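Here the structure comes first, spelled out in structure tokens, and everything after it is commentary.
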Amino acid sequence: MLAPAGCGGPHYRPPPVTYLPPAVCRADLDRLHVQYIAAAAPEGPCPVYDAVRVSTDGVPWNQPGLVTCDLALRLERFNREIVQPAAQRYLHASVSQLRHFGTFSCRSQPNGEWSEHAKGDAIDIAGFVLDTGDAVIVESDWRGNRPKSDFLHAVARGACSLFSVVLTPNTNYDHRNHIHLDIGPWKDCSV
């Protein structure tokens, strides 16, 4: 397992992220019925490899998000293999919408490294809407209502098998209201 940023020594760099060829990745998105449009890579210091703007990955998103095609594929699998089964198990419902605070954002981390958001390889999930009309919100339900809390914890634990980094309200104050998921080179499962 690789050390998180800042913990691997001053000269340690993890290997770069490997991406699927764009034609292969987009064919997979099409096969899985992910709703997206090809997007131009943002200009400036934060390029996004094989950028797509996703609006639905099995469930609609509250707002479209600019991500790498590879992250879009991973999020579709996350919805299908982790989120929906956990919703059935803990809430006896299905998730009908993913609510997120954002995906791509050209910004750095406090340590000076580029954020995975700056590469289109991250998403901050604020919560989910159920087919019952009820909402599960990370900020209020992570430590609150037991079935909703159990659902969110199961989703975060399950995410660790699909994403490189999973940060939650247990990580620090900055993540009090969302679950951060990314496919960057570092490994950290702070659930």
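Residues are referred to by chain and number: the chain letter is A, B, ... according to the order shown in the structure tokens, the number counts from 1 in that chain, and ligands are numbered separately from 1 in the order shown.
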
Alpha helix (DSSP H) positions in chain A, given as a PyMOL selection string: chain A and resi 22-31+69-78+84-91+138-141+146-159

Selected residues written out, N, CA and C atoms, as a compact mmCIF listing (two decimals), in the first residue's frame:
# COMPACT_ATOMS: atom_id res chain seq x y z
N PRO A 22 -8.83 6.34 -24.57
CA PRO A 22 -10.13 7.02 -24.66
C PRO A 22 -11.21 6.24 -25.40
N ALA A 23 -10.89 5.62 -26.54
CA ALA A 23 -11.91 4.90 -27.31
C ALA A 23 -12.47 3.73 -26.50
N VAL A 24 -11.62 3.04 -25.76
CA VAL A 24 -12.04 1.89 -24.95
C VAL A 24 -12.91 2.38 -23.80
N CYS A 25 -12.48 3.42 -23.12
CA CYS A 25 -13.21 3.94 -21.97
C CYS A 25 -14.59 4.44 -22.39
N ARG A 26 -14.66 5.19 -23.46
CA ARG A 26 -15.95 5.74 -23.88
C ARG A 26 -16.89 4.66 -24.40
N ALA A 27 -16.33 3.62 -25.02
CA ALA A 27 -17.17 2.49 -25.44
C ALA A 27 -17.78 1.81 -24.22
N ASP A 28 -17.01 1.71 -23.13
CA ASP A 28 -17.54 1.14 -21.89
C ASP A 28 -18.63 2.03 -21.30
N LEU A 29 -18.44 3.35 -21.31
CA LEU A 29 -19.47 4.26 -20.82
C LEU A 29 -20.76 4.08 -21.63
N ASP A 30 -20.62 3.97 -22.95
CA ASP A 30 -21.79 3.79 -23.81
C ASP A 30 -22.49 2.46 -23.50
N ARG A 31 -21.72 1.40 -23.35
CA ARG A 31 -22.28 0.08 -23.06
C ARG A 31 -23.04 0.08 -21.74
N CYS A 69 -12.74 10.10 -17.99
CA CYS A 69 -13.58 8.98 -18.38
C CYS A 69 -13.40 7.83 -17.39
N ASP A 70 -12.17 7.59 -16.96
CA ASP A 70 -11.90 6.50 -16.02
C ASP A 70 -12.64 6.68 -14.70
N LEU A 71 -12.70 7.91 -14.18
CA LEU A 71 -13.45 8.14 -12.95
C LEU A 71 -14.94 7.92 -13.20
N ALA A 72 -15.45 8.33 -14.35
CA ALA A 72 -16.86 8.11 -14.68
C ALA A 72 -17.19 6.62 -14.66
N LEU A 73 -16.31 5.81 -15.22
CA LEU A 73 -16.51 4.35 -15.20
C LEU A 73 -16.53 3.83 -13.78
N ARG A 74 -15.60 4.29 -12.97
CA ARG A 74 -15.51 3.83 -11.58
C ARG A 74 -16.75 4.23 -10.80
N LEU A 75 -17.28 5.43 -11.06
CA LEU A 75 -18.47 5.90 -10.35
C LEU A 75 -19.71 5.10 -10.75
N GLU A 76 -19.80 4.69 -12.01
CA GLU A 76 -20.91 3.84 -12.44
C GLU A 76 -20.85 2.51 -11.69
N ARG A 77 -19.67 1.94 -11.61
CA ARG A 77 -19.49 0.67 -10.89
C ARG A 77 -19.80 0.85 -9.39
N PHE A 78 -19.37 1.95 -8.82
CA PHE A 78 -19.64 2.28 -7.42
C PHE A 78 -21.14 2.31 -7.17
N GLN A 84 -26.22 1.00 -4.50
CA GLN A 84 -27.56 0.42 -4.59
C GLN A 84 -27.75 -0.77 -3.64
N PRO A 85 -26.80 -1.71 -3.56
CA PRO A 85 -26.98 -2.80 -2.59
C PRO A 85 -27.04 -2.30 -1.14
N ALA A 86 -26.23 -1.30 -0.80
CA ALA A 86 -26.26 -0.76 0.57
C ALA A 86 -27.59 -0.07 0.85
N ALA A 87 -28.15 0.63 -0.14
CA ALA A 87 -29.45 1.29 0.05
C ALA A 87 -30.54 0.25 0.29
N GLN A 88 -30.49 -0.84 -0.46
CA GLN A 88 -31.48 -1.91 -0.25
C GLN A 88 -31.32 -2.53 1.13
N ARG A 89 -30.08 -2.80 1.51
CA ARG A 89 -29.83 -3.48 2.79
C ARG A 89 -30.21 -2.63 4.00
N TYR A 90 -29.77 -1.37 4.01
CA TYR A 90 -29.95 -0.54 5.20
C TYR A 90 -31.20 0.32 5.19
N LEU A 91 -31.68 0.70 3.98
CA LEU A 91 -32.79 1.65 3.91
C LEU A 91 -34.02 1.09 3.20
N VAL A 138 -24.65 13.54 4.04
CA VAL A 138 -23.45 13.20 4.81
C VAL A 138 -23.32 14.08 6.05
N GLU A 139 -23.49 15.37 5.90
CA GLU A 139 -23.28 16.29 7.02
C GLU A 139 -24.19 15.99 8.22
N SER A 140 -25.43 15.66 7.97
CA SER A 140 -26.36 15.44 9.09
C SER A 140 -26.56 13.97 9.43
N ASP A 141 -26.28 13.06 8.50
CA ASP A 141 -26.60 11.65 8.74
C ASP A 141 -25.39 10.76 9.01
N ARG A 146 -29.60 6.16 12.67
CA ARG A 146 -28.85 4.91 12.56
C ARG A 146 -28.90 4.25 11.19
N PRO A 147 -30.08 3.97 10.59
CA PRO A 147 -30.04 3.32 9.27
C PRO A 147 -29.31 4.17 8.22
N LYS A 148 -29.53 5.48 8.24
CA LYS A 148 -28.85 6.34 7.28
C LYS A 148 -27.35 6.36 7.54
N SER A 149 -26.96 6.43 8.79
CA SER A 149 -25.55 6.40 9.15
C SER A 149 -24.92 5.07 8.73
N ASP A 150 -25.62 3.97 9.00
CA ASP A 150 -25.11 2.64 8.60
C ASP A 150 -24.92 2.58 7.09
N PHE A 151 -25.88 3.13 6.34
CA PHE A 151 -25.78 3.17 4.88
C PHE A 151 -24.54 3.95 4.44
N LEU A 152 -24.36 5.16 4.98
CA LEU A 152 -23.21 5.98 4.58
C LEU A 152 -21.89 5.31 4.93
N HIS A 153 -21.80 4.70 6.09
CA HIS A 153 -20.57 4.00 6.49
C HIS A 153 -20.31 2.81 5.57
N ALA A 154 -21.36 2.08 5.21
CA ALA A 154 -21.19 0.94 4.29
C ALA A 154 -20.74 1.41 2.91
N VAL A 155 -21.31 2.51 2.46
CA VAL A 155 -20.92 3.08 1.16
C VAL A 155 -19.44 3.49 1.19
N ALA A 156 -19.01 4.15 2.25
CA ALA A 156 -17.62 4.59 2.36
C ALA A 156 -16.67 3.38 2.44
N ARG A 157 -17.02 2.38 3.25
CA ARG A 157 -16.16 1.19 3.35
C ARG A 157 -16.07 0.49 2.00
N GLY A 158 -17.20 0.35 1.33
CA GLY A 158 -17.21 -0.29 0.01
C GLY A 158 -16.41 0.48 -1.02
N ALA A 159 -16.45 1.81 -0.91
CA ALA A 159 -15.71 2.66 -1.86
C ALA A 159 -14.22 2.39 -1.80

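For Ser164 of chain A, the set of protein, DNA and RNA residues having any atom at most 6 Å away, when counting only C-alpha atoms and skipping those fewer than 5 positions along the same chain, is Asp182, Ile183 and Lys187 of chain A.
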
Written file, previous selection with C-alpha atoms, as an mmCIF file, in the first residue's frame:
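Done, and the output landed in selection.cif:
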data_model
loop_
_atom_site.group_PDB
_atom_site.id
_atom_site.type_symbol
_atom_site.label_atom_id
_atom_site.label_comp_id
_atom_site.auth_asym_id
_atom_site.auth_seq_id
_atom_site.Cartn_x
_atom_site.Cartn_y
_atom_site.Cartn_z
ATOM 1 C CA ASP A 182 -10.524 9.757 -6.050
ATOM 2 C CA ILE A 183 -8.524 7.489 -8.343
ATOM 3 C CA LYS A 187 -3.791 5.183 -1.066
#

Which is closest to Phe101 of chain A among A:Pro64, A:Pro169, A:Gly133, A:Gly120, if we use only C-alpha atoms? A:Pro64

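Using only C-alpha atoms, the nearest neighbour of Asp134 of chain A within the list A:Val17, A:Leu32, A:Ala118, A:Val95 is A:Val95.
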
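Take atom CA of Asp131 of chain A and atom CA of Val67 of chain A: the distance between them is 25.8 Å.
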
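Take atom CA of His100 of chain A and atom CA of Pro185 of chain A: the distance between them is 22.2 Å.
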
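The interatomic distance for the pair atom CA of Pro110 of chain A and atom CA of Pro16 of chain A works out to 20.5 Å.
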
Every residue of segment 49-190 of chain A that DSSP places in strand (DSSP E), as a VMD selection string: chain A and resid 51 to 56 60 to 68 95 to 102 122 to 130 135 to 137 165 to 167 179 to 182 188 to 190
